[in-house]
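Student: Below is one structure. I have some questions about it.
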Amino acid sequence: MKFGPSPPEEAVGCILAHKTKLPDRMLKKGHLLSAEDCRLLAEQDHQQIIVARLEPGDINEDQAAARLGNSASGVGVSPDTAFTGRSNLYADVNGVLVVDPEAIAAANRIDPAITFATLPNFSRVAAHRMVATAKVISFAVAEALVEKAGKALRGAVGVAEFSPRKIGLVATQLPHLKSVTMDKTRRVLEDRLKPSGSQIVGELRVPHTEEAVSEAIRDLLDMGADFLILFGASAVVDRYDVLPAALEQAGGTVDQFGMPVDPGNLLMLGNLTGVPVLGAPGCARSPKENGFDWVLDRILAGLTVTPEDVTAMGVGGLLMEIGTRPQPREKKQQSRTPRIAAIVLAAGKSSRMGGPNKLLAQLDGKTLIRHASEAAIGAELAQTIVVTGHLHDKVGGSVNDLDIKIVHNPDYAEGMAGSIRTGVDALADDIDAALILLGDMPRITSRDLRKLVEAYLRDETCLIASATSHGKRGNPVLWDKRFFADLKSLSGDIGARHLIATNPGFVSEVEIGDAARLDLDTPQALHDAGGTLPDRDS
């Protein structure tokens with residue numbers, strides 16, 4: 001291909017390099033110039049235009065990209081129609097992406113015009129997700145180079161499909177471990193298993209001893225389990241600790257203990273008569289991504305995981321930072337009026353109130369939770385969700401006549417993070433941002449919420465809108481959907497303040513006065529505001 005200036009009358013059949021205006025239309029970059037195009041360009045006094053001229057043996061960018069995409073597509077992957085020199089590859093199934101890094105590198109070294117990129121190797125992917133792209137940078141490229149790159153890429157990108165497994169779960173018990181934590185652990189594991197269709201066929205909660213765990217392992221195999229997952233009440237700290245020792249006592253082998261992924265260091269990988277066994281690190285009780293996910297996904301996709309595979313996970317294995325966080329100066333991309341929801345947190349136990357549930361306290365003839373719910377409804381948002389927990393039937397019953405969606409957080413005793421996660425999970429798929437309100441802040445008005453929404457809509461760099469009281473940050477807070485994954489990864493009772501602190505460039509502060517910091521969480525505070533407590537059974 002030759003690239004450079006040409007008189008219009010000599011450019012018939014060439015490719016236009018830059019967008020050029022004609023009296024009746026715009027010729028786009030990459031347009032194949034006809035005789036009529038060139039005549040009109042000459043009449044408009046274009047002395048020269050920049051074009052690409054194909055040489056013998058060249059093929060155009062779309063043909064080249066299509067051939068690369070077709071060649072690279074392996075099992076479980078399909079290419080889309082090539083356009084503007086690009087062919088995107090998509091997963092056909094839920095599973096784990098498997099690429100040949102050496103093949104990708106070899107293709108990318110053939111010619112600067114030929115590029116090929118993928119998601120990280122062994123990423124979990126859902127059906128229809130884009131997993132790779134072939135991009136031809138120039139308007140055309142020599143067919144011989146495309147042929148060479150195609151051979152290098154042959155079948156280099158595939159997706160190992162998840163298959164359903166019968167999971168046997170062993171959970172050990174010690175006095176410090178609450179049953180609610182063990183219940184949550186199971187639910188988190190079930191969520192991890194959903195993409196593969198796997199199910200827990202049996203859960204055995206046993207004492208934290210070698211004998212008890214070993215017996216539970218054998219019992220689960222008798223139940224038909226073909227994959228064993230062990231959660232210890234105490235973290236495995238040594239190759240000869242309770243879980244690995246129990247596996248060997250049951251007749252299995254410990255293939256690997258420890259992994260260079262953080263969080264996830266204390267993982268155990270083993271085998272018992274062909275059945276894979278995973279000793280889960282403590283971080284696997286959380287839904288946040290950790291090293292356990294990396295090994296679990298591969299096994300569910302039918303991939304062999306060796307000790308060498310595990311020890312090779314160190315590069316990229318530092319997972320402490322959240323990759324979904326926006327990059328500096330990134331702006332919102334909105335092609336329509338954003339749909340904004342409200343999440344009202346109403347799950348707490350009101351421990352500082354001394355017994356009664358404060359959300360059922362009366363103020364100005366209404367319960368506190370009704371004040372918050374009506375404020376959200378009055379702001380005319382796309383969706384309002386109320387997250388219940390403690391006394392969920394009574395709290396939900398006080399607002400179930402309103403136009404809201406009530407969802408229950410079964411892990412409310414563990415803190416606010418679970419309620420935030422429950423609320424975000426309940427959002428409709430097309431929600432662009434969510435206001436998170438506390439149910440015990442009855443002086444927040446619909447007008448206050450609309451001010452936060454207006455700040456979000458007004459400033460294209462605003463991804464977080466925080467209410468303030470005399471310059472001090474409070475509640476509610478509006479979050480753009482780019483932070484939904486971060487919000488669902490929270491744990492404990494600390495809320496999301498640190499996300500605001502670490503993303504100052506995306507925060508707009510909205511002054512709404514005293515209401516932003518007025519929460520009625522003690523009997524005195526409620527009395528001073530003119531409210532009355534419910535009876536102690538509430």
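Residue numbering restarts at 1 in every chain; chains get A, B, ... in the order shown in the structure tokens, and ligands count up from 1 in that same order.
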Got a sec to tell me which of segment 65-278 of chain A DSSP assigns to strand (DSSP E or B), as a VMD selection string?

Tutor: chain A and resid 73 77 to 79 83 86 to 91 95 to 99 114 to 118 124 to 125 130 to 136 140 to 142 157 to 161 166 to 173 199 to 207 227 to 231 253 to 257 262 268 to 272 275 to 278

Student: Which residues come within 10 Å of Pro7 of chain A, counting only C-alpha atoms, excluding same-chain residues fewer than 6 positions away, as a PDB file with N, CA and C atoms, in the first residue's frame?

Tutor:
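Written output follows (around_38.pdb):
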```
ATOM      1  N   CYS A  38     -14.072  12.121  -7.333  1.00  0.00           N
ATOM      2  CA  CYS A  38     -12.842  12.831  -7.717  1.00  0.00           C
ATOM      3  C   CYS A  38     -13.144  14.056  -8.573  1.00  0.00           C
ATOM      4  N   LEU A  41     -14.369  16.739  -6.214  1.00  0.00           N
ATOM      5  CA  LEU A  41     -13.257  17.263  -5.410  1.00  0.00           C
ATOM      6  C   LEU A  41     -12.413  18.235  -6.222  1.00  0.00           C
ATOM      7  N   ALA A  42     -12.184  17.913  -7.494  1.00  0.00           N
ATOM      8  CA  ALA A  42     -11.416  18.814  -8.353  1.00  0.00           C
ATOM      9  C   ALA A  42     -12.166  20.118  -8.566  1.00  0.00           C
ATOM     10  N   HIS A  46      -9.802  21.323  -4.723  1.00  0.00           N
ATOM     11  CA  HIS A  46      -8.872  20.514  -3.935  1.00  0.00           C
ATOM     12  C   HIS A  46      -7.689  20.166  -4.837  1.00  0.00           C
ATOM     13  N   GLN A  47      -6.553  20.797  -4.594  1.00  0.00           N
ATOM     14  CA  GLN A  47      -5.387  20.539  -5.422  1.00  0.00           C
ATOM     15  C   GLN A  47      -4.836  19.138  -5.183  1.00  0.00           C
ATOM     16  N   GLN A  48      -4.847  18.754  -3.905  1.00  0.00           N
ATOM     17  CA  GLN A  48      -4.359  17.421  -3.539  1.00  0.00           C
ATOM     18  C   GLN A  48      -5.196  16.873  -2.388  1.00  0.00           C
ATOM     19  N   ILE A  49      -5.315  15.579  -2.362  1.00  0.00           N
ATOM     20  CA  ILE A  49      -5.951  14.891  -1.234  1.00  0.00           C
ATOM     21  C   ILE A  49      -5.023  13.761  -0.793  1.00  0.00           C
ATOM     22  N   ILE A  50      -5.130  13.380   0.488  1.00  0.00           N
ATOM     23  CA  ILE A  50      -4.296  12.303   1.018  1.00  0.00           C
ATOM     24  C   ILE A  50      -5.058  10.989   0.856  1.00  0.00           C
ATOM     25  N   VAL A  51      -4.404  10.049   0.174  1.00  0.00           N
ATOM     26  CA  VAL A  51      -5.089   8.783  -0.115  1.00  0.00           C
ATOM     27  C   VAL A  51      -4.157   7.604   0.165  1.00  0.00           C
TER      28      VAL A  51
END
```

Student: Could you list, as a ChimeraX atom specification, every residue within 9 Å of Ala91 of chain A, counting only C-alpha atoms and ignoring same-chain residues fewer than 2 positions away?

Tutor: /A:76-79,89,93-95,97,125-131,158-159

Student: Would you output that residue set with C-alpha atoms, as a short mmCIF file (atom, residue, chain, number, x, y, z; two decimals), in the first residue's frame?

Tutor:
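out23.cif was written with the following content:
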```
data_model
loop_
_atom_site.label_atom_id
_atom_site.label_comp_id
_atom_site.auth_asym_id
_atom_site.auth_seq_id
_atom_site.Cartn_x
_atom_site.Cartn_y
_atom_site.Cartn_z
CA GLY A 76 -16.62 -21.34 22.33
CA VAL A 77 -15.76 -18.13 20.45
CA SER A 78 -17.28 -16.46 17.35
CA PRO A 79 -16.18 -13.39 15.38
CA LEU A 89 -14.55 -11.94 19.00
CA VAL A 93 -20.89 -19.67 26.35
CA ASN A 94 -20.30 -18.96 30.03
CA GLY A 95 -16.84 -20.11 30.98
CA LEU A 97 -11.21 -17.56 28.51
CA VAL A 125 -16.57 -14.54 30.88
CA ALA A 126 -20.28 -14.64 30.21
CA ALA A 127 -21.83 -15.61 26.92
CA HIS A 128 -21.87 -12.72 24.40
CA ARG A 129 -19.06 -10.84 26.12
CA MET A 130 -16.34 -9.48 23.83
CA VAL A 131 -13.14 -11.36 24.61
CA GLY A 158 -11.25 -20.12 23.10
CA VAL A 159 -13.66 -20.37 26.00
#
```

Student: Contacts of Gly85 of chain A at 8 Å or less, counting only C-alpha atoms, minus same-chain residues fewer than 5 places along, as a PyMOL selection string?

Tutor: chain A and resi 61-65+135-139

Student: Would you pick out the contacts of Ile167 of chain A at 12 Å or less, using only C-alpha atoms, so that residues sharing its chain but fewer than 2 positions from it are not included, and give the list as number ranges by chain?

Tutor: A: 164-165, 169-170, 186, 189-190, 192-194, 196-204, 217, 220-221, 223-230, 275-278, 296, 299-300

Student: Which neighbours of Asp429 of chain A fall inside 12 Å, counting only C-alpha atoms, when residues of the same chain fewer than 6 positions from it are skipped, and could you give them as a ChimeraX atom specification?

Tutor: /A:339-341,382-383,481,484

Student: Give me a file of those residues, with N, CA and C atoms, as a tab-separated table (two decimals), in the first residue's frame.

Tutor:
```
chain	number	residue	atom	x	y	z
A	339	ARG	N	-31.26	7.16	34.12
A	339	ARG	CA	-32.27	6.62	35.02
A	339	ARG	C	-31.63	6.44	36.40
A	340	ILE	N	-32.21	7.11	37.38
A	340	ILE	CA	-31.62	7.16	38.72
A	340	ILE	C	-32.59	6.51	39.71
A	341	ALA	N	-32.04	5.71	40.61
A	341	ALA	CA	-32.83	5.00	41.61
A	341	ALA	C	-32.45	5.47	43.01
A	382	ALA	N	-36.49	6.71	39.01
A	382	ALA	CA	-36.91	5.58	38.19
A	382	ALA	C	-37.29	4.37	39.04
A	383	GLN	N	-36.71	4.25	40.24
A	383	GLN	CA	-36.96	3.07	41.08
A	383	GLN	C	-36.62	3.42	42.51
A	481	LYS	N	-23.12	4.40	38.20
A	481	LYS	CA	-23.08	2.93	38.08
A	481	LYS	C	-21.66	2.38	37.99
A	484	PHE	N	-20.88	0.67	41.15
A	484	PHE	CA	-21.75	-0.40	41.67
A	484	PHE	C	-20.93	-1.63	42.06
```

Student: I'd like the contact shell of Ala529 of chain A - 9 Å cut-off, only C-alpha atoms, skipping same-chain residues fewer than 4 positions apart - returned as a compact mmCIF listing (two decimals) with C-alpha atoms, in the first residue's frame.

Tutor:
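The resulting result.txt:
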```
# COMPACT_ATOMS: atom_id res chain seq x y z
CA LEU A 363 -42.28 11.50 64.09
CA LEU A 520 -31.93 9.65 65.14
CA GLN A 524 -32.46 11.30 73.39
CA ALA A 525 -31.92 12.32 69.77
```

Student: Looking only at the backbone, which of the residues in segment 169-252 of chain A does DSSP tag as helix (DSSP H, G or I), as an MDAnalysis selection string?

Tutor: chainID A and resid 179:196 210:222 242:249

Student: Put those residues in a file: N, CA and C atoms, as an mmCIF file, in the first residue's frame.

Tutor:
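Okay, this is what ended up in again.cif:
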```cif
data_model
loop_
_atom_site.group_PDB
_atom_site.id
_atom_site.type_symbol
_atom_site.label_atom_id
_atom_site.label_comp_id
_atom_site.auth_asym_id
_atom_site.auth_seq_id
_atom_site.Cartn_x
_atom_site.Cartn_y
_atom_site.Cartn_z
ATOM 1 N N SER A 179 -23.131 -18.662 63.480
ATOM 2 C CA SER A 179 -23.876 -19.418 62.462
ATOM 3 C C SER A 179 -24.305 -18.516 61.314
ATOM 4 N N VAL A 180 -24.583 -17.222 61.611
ATOM 5 C CA VAL A 180 -24.974 -16.311 60.532
ATOM 6 C C VAL A 180 -23.831 -16.121 59.539
ATOM 7 N N THR A 181 -22.595 -16.158 60.032
ATOM 8 C CA THR A 181 -21.445 -16.049 59.137
ATOM 9 C C THR A 181 -21.336 -17.283 58.256
ATOM 10 N N MET A 182 -21.604 -18.450 58.833
ATOM 11 C CA MET A 182 -21.561 -19.687 58.044
ATOM 12 C C MET A 182 -22.692 -19.713 57.017
ATOM 13 N N ASP A 183 -23.857 -19.192 57.394
ATOM 14 C CA ASP A 183 -24.970 -19.111 56.440
ATOM 15 C C ASP A 183 -24.599 -18.198 55.268
ATOM 16 N N LYS A 184 -23.998 -17.066 55.602
ATOM 17 C CA LYS A 184 -23.594 -16.127 54.550
ATOM 18 C C LYS A 184 -22.530 -16.755 53.645
ATOM 19 N N THR A 185 -21.592 -17.486 54.232
ATOM 20 C CA THR A 185 -20.548 -18.144 53.445
ATOM 21 C C THR A 185 -21.158 -19.054 52.397
ATOM 22 N N ARG A 186 -22.154 -19.809 52.791
ATOM 23 C CA ARG A 186 -22.818 -20.702 51.827
ATOM 24 C C ARG A 186 -23.488 -19.906 50.719
ATOM 25 N N ARG A 187 -24.183 -18.807 51.081
ATOM 26 C CA ARG A 187 -24.864 -18.017 50.051
ATOM 27 C C ARG A 187 -23.863 -17.402 49.069
ATOM 28 N N VAL A 188 -22.741 -16.925 49.601
ATOM 29 C CA VAL A 188 -21.716 -16.344 48.729
ATOM 30 C C VAL A 188 -21.166 -17.413 47.779
ATOM 31 N N LEU A 189 -20.941 -18.618 48.302
ATOM 32 C CA LEU A 189 -20.459 -19.705 47.457
ATOM 33 C C LEU A 189 -21.499 -20.068 46.395
ATOM 34 N N GLU A 190 -22.759 -20.112 46.776
ATOM 35 C CA GLU A 190 -23.810 -20.430 45.808
ATOM 36 C C GLU A 190 -23.844 -19.402 44.682
ATOM 37 N N ASP A 191 -23.623 -18.134 45.018
ATOM 38 C CA ASP A 191 -23.570 -17.098 43.981
ATOM 39 C C ASP A 191 -22.396 -17.335 43.029
ATOM 40 N N ARG A 192 -21.265 -17.765 43.583
ATOM 41 C CA ARG A 192 -20.105 -18.048 42.731
ATOM 42 C C ARG A 192 -20.375 -19.237 41.797
ATOM 43 N N LEU A 193 -21.202 -20.146 42.226
ATOM 44 C CA LEU A 193 -21.459 -21.355 41.452
ATOM 45 C C LEU A 193 -22.532 -21.158 40.375
ATOM 46 N N LYS A 194 -23.326 -20.099 40.479
ATOM 47 C CA LYS A 194 -24.464 -19.921 39.577
ATOM 48 C C LYS A 194 -24.090 -19.924 38.104
ATOM 49 N N PRO A 195 -23.018 -19.219 37.677
ATOM 50 C CA PRO A 195 -22.716 -19.215 36.236
ATOM 51 C C PRO A 195 -22.482 -20.594 35.646
ATOM 52 N N SER A 196 -22.061 -21.540 36.469
ATOM 53 C CA SER A 196 -21.780 -22.889 35.971
ATOM 54 C C SER A 196 -22.966 -23.830 36.139
ATOM 55 N N GLU A 210 -9.328 -33.028 62.692
ATOM 56 C CA GLU A 210 -8.978 -33.859 61.543
ATOM 57 C C GLU A 210 -9.991 -34.980 61.355
ATOM 58 N N GLU A 211 -10.357 -35.633 62.460
ATOM 59 C CA GLU A 211 -11.244 -36.784 62.372
ATOM 60 C C GLU A 211 -12.617 -36.393 61.828
ATOM 61 N N ALA A 212 -13.158 -35.275 62.337
ATOM 62 C CA ALA A 212 -14.492 -34.846 61.905
ATOM 63 C C ALA A 212 -14.505 -34.437 60.439
ATOM 64 N N VAL A 213 -13.489 -33.724 60.022
ATOM 65 C CA VAL A 213 -13.425 -33.289 58.619
ATOM 66 C C VAL A 213 -13.217 -34.484 57.701
ATOM 67 N N SER A 214 -12.347 -35.383 58.089
ATOM 68 C CA SER A 214 -12.096 -36.568 57.265
ATOM 69 C C SER A 214 -13.367 -37.385 57.079
ATOM 70 N N GLU A 215 -14.111 -37.576 58.141
ATOM 71 C CA GLU A 215 -15.358 -38.333 58.049
ATOM 72 C C GLU A 215 -16.374 -37.606 57.171
ATOM 73 N N ALA A 216 -16.438 -36.260 57.297
ATOM 74 C CA ALA A 216 -17.374 -35.475 56.488
ATOM 75 C C ALA A 216 -17.023 -35.585 55.001
ATOM 76 N N ILE A 217 -15.742 -35.589 54.686
ATOM 77 C CA ILE A 217 -15.302 -35.736 53.295
ATOM 78 C C ILE A 217 -15.818 -37.045 52.712
ATOM 79 N N ARG A 218 -15.646 -38.131 53.466
ATOM 80 C CA ARG A 218 -16.091 -39.438 52.968
ATOM 81 C C ARG A 218 -17.616 -39.481 52.833
ATOM 82 N N ASP A 219 -18.322 -38.851 53.776
ATOM 83 C CA ASP A 219 -19.791 -38.841 53.718
ATOM 84 C C ASP A 219 -20.280 -38.080 52.484
ATOM 85 N N LEU A 220 -19.633 -36.982 52.161
ATOM 86 C CA LEU A 220 -20.058 -36.193 51.002
ATOM 87 C C LEU A 220 -19.807 -36.941 49.695
ATOM 88 N N LEU A 221 -18.722 -37.698 49.630
ATOM 89 C CA LEU A 221 -18.493 -38.527 48.444
ATOM 90 C C LEU A 221 -19.604 -39.565 48.301
ATOM 91 N N ASP A 222 -20.040 -40.118 49.419
ATOM 92 C CA ASP A 222 -21.143 -41.081 49.386
ATOM 93 C C ASP A 222 -22.437 -40.429 48.900
ATOM 94 N N VAL A 242 -5.257 -28.603 60.135
ATOM 95 C CA VAL A 242 -6.397 -29.514 60.223
ATOM 96 C C VAL A 242 -6.929 -29.925 58.851
ATOM 97 N N LEU A 243 -7.203 -28.971 57.955
ATOM 98 C CA LEU A 243 -7.816 -29.330 56.679
ATOM 99 C C LEU A 243 -6.911 -30.196 55.810
ATOM 100 N N PRO A 244 -5.658 -29.809 55.582
ATOM 101 C CA PRO A 244 -4.819 -30.694 54.775
ATOM 102 C C PRO A 244 -4.600 -32.062 55.424
ATOM 103 N N ALA A 245 -4.442 -32.075 56.740
ATOM 104 C CA ALA A 245 -4.252 -33.362 57.418
ATOM 105 C C ALA A 245 -5.499 -34.234 57.293
ATOM 106 N N ALA A 246 -6.679 -33.612 57.356
ATOM 107 C CA ALA A 246 -7.926 -34.367 57.235
ATOM 108 C C ALA A 246 -8.085 -34.952 55.835
ATOM 109 N N LEU A 247 -7.699 -34.179 54.819
ATOM 110 C CA LEU A 247 -7.785 -34.677 53.449
ATOM 111 C C LEU A 247 -6.899 -35.921 53.280
ATOM 112 N N GLU A 248 -5.696 -35.871 53.801
ATOM 113 C CA GLU A 248 -4.801 -37.025 53.683
ATOM 114 C C GLU A 248 -5.313 -38.208 54.495
ATOM 115 N N GLN A 249 -5.917 -37.926 55.643
ATOM 116 C CA GLN A 249 -6.475 -39.001 56.469
ATOM 117 C C GLN A 249 -7.616 -39.695 55.728
#
```

Student: List every residue of segment 231-350 of chain A that has an atom at most 7 Å from any atom of segment 419-428 of chain A, giving for each one its closest atom pair and the distance in Å to one decimal, counting only C-alpha atoms, sorted by chain and then by ascending residue number, as a Markdown table.

Tutor:
```
| residue | atom | partner | partner_atom | distance |
| --- | --- | --- | --- | --- |
| A:Ile343 | CA | A:Gly423 | CA | 5.9 |
| A:Leu345 | CA | A:Ser419 | CA | 6.5 |
| A:Ala347 | CA | A:Ser419 | CA | 6.8 |
```

Student: Please dump the current selection as a PDB file, in the first residue's frame; keep N, CA and C atoms.

Tutor:
```pdb
ATOM      1  N   ILE A 343     -31.943   3.827  47.004  1.00  0.00           N
ATOM      2  CA  ILE A 343     -31.851   2.654  47.880  1.00  0.00           C
ATOM      3  C   ILE A 343     -31.938   3.157  49.318  1.00  0.00           C
ATOM      4  N   LEU A 345     -31.733   2.294  53.147  1.00  0.00           N
ATOM      5  CA  LEU A 345     -31.199   1.252  54.029  1.00  0.00           C
ATOM      6  C   LEU A 345     -32.011   1.216  55.317  1.00  0.00           C
ATOM      7  N   ALA A 347     -32.203  -1.875  57.499  1.00  0.00           N
ATOM      8  CA  ALA A 347     -31.989  -3.251  57.955  1.00  0.00           C
ATOM      9  C   ALA A 347     -31.390  -3.357  59.345  1.00  0.00           C
TER      10      ALA A 347
END
```

Student: Do you have the atom CA of Phe116 of chain A-atom CA of Ala132 of chain A distance handy?

Tutor: 7.4 Å

Student: Enter the distance from atom CA of Ser398 of chain A to atom CA of Lys349 of chain A, in Å, rounded to one decimal.

Tutor: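 If I compute the distance from atom CA of Ser398 of chain A to atom CA of Lys349 of chain A, I get 16.4 Å.
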
Student: My list of candidates is A:Ala52, A:Cys14, A:Val99, A:Ile406. Which is closest to Ser34 of chain A when distances are computed with only C-alpha atoms?

Tutor: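 Going through A:Ala52, A:Cys14, A:Val99, A:Ile406 one by one, the smallest distance to Ser34 of chain A is for A:Cys14.
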
Student: What does the structure give for the distance between atom CA of Arg443 of chain A and atom CA of Glu511 of chain A, in Å to one decimal?

Tutor: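 Pair atom CA of Arg443 of chain A / atom CA of Glu511 of chain A returns 14.0 Å.
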
Student: So, with only C-alpha atoms as the atoms that count, which of A:Leu177, A:Val141, A:Val75, A:Cys462 lies closest to Val157 of chain A?

Tutor: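 Among A:Leu177, A:Val141, A:Val75, A:Cys462, it is A:Val75 that comes nearest to Val157 of chain A.
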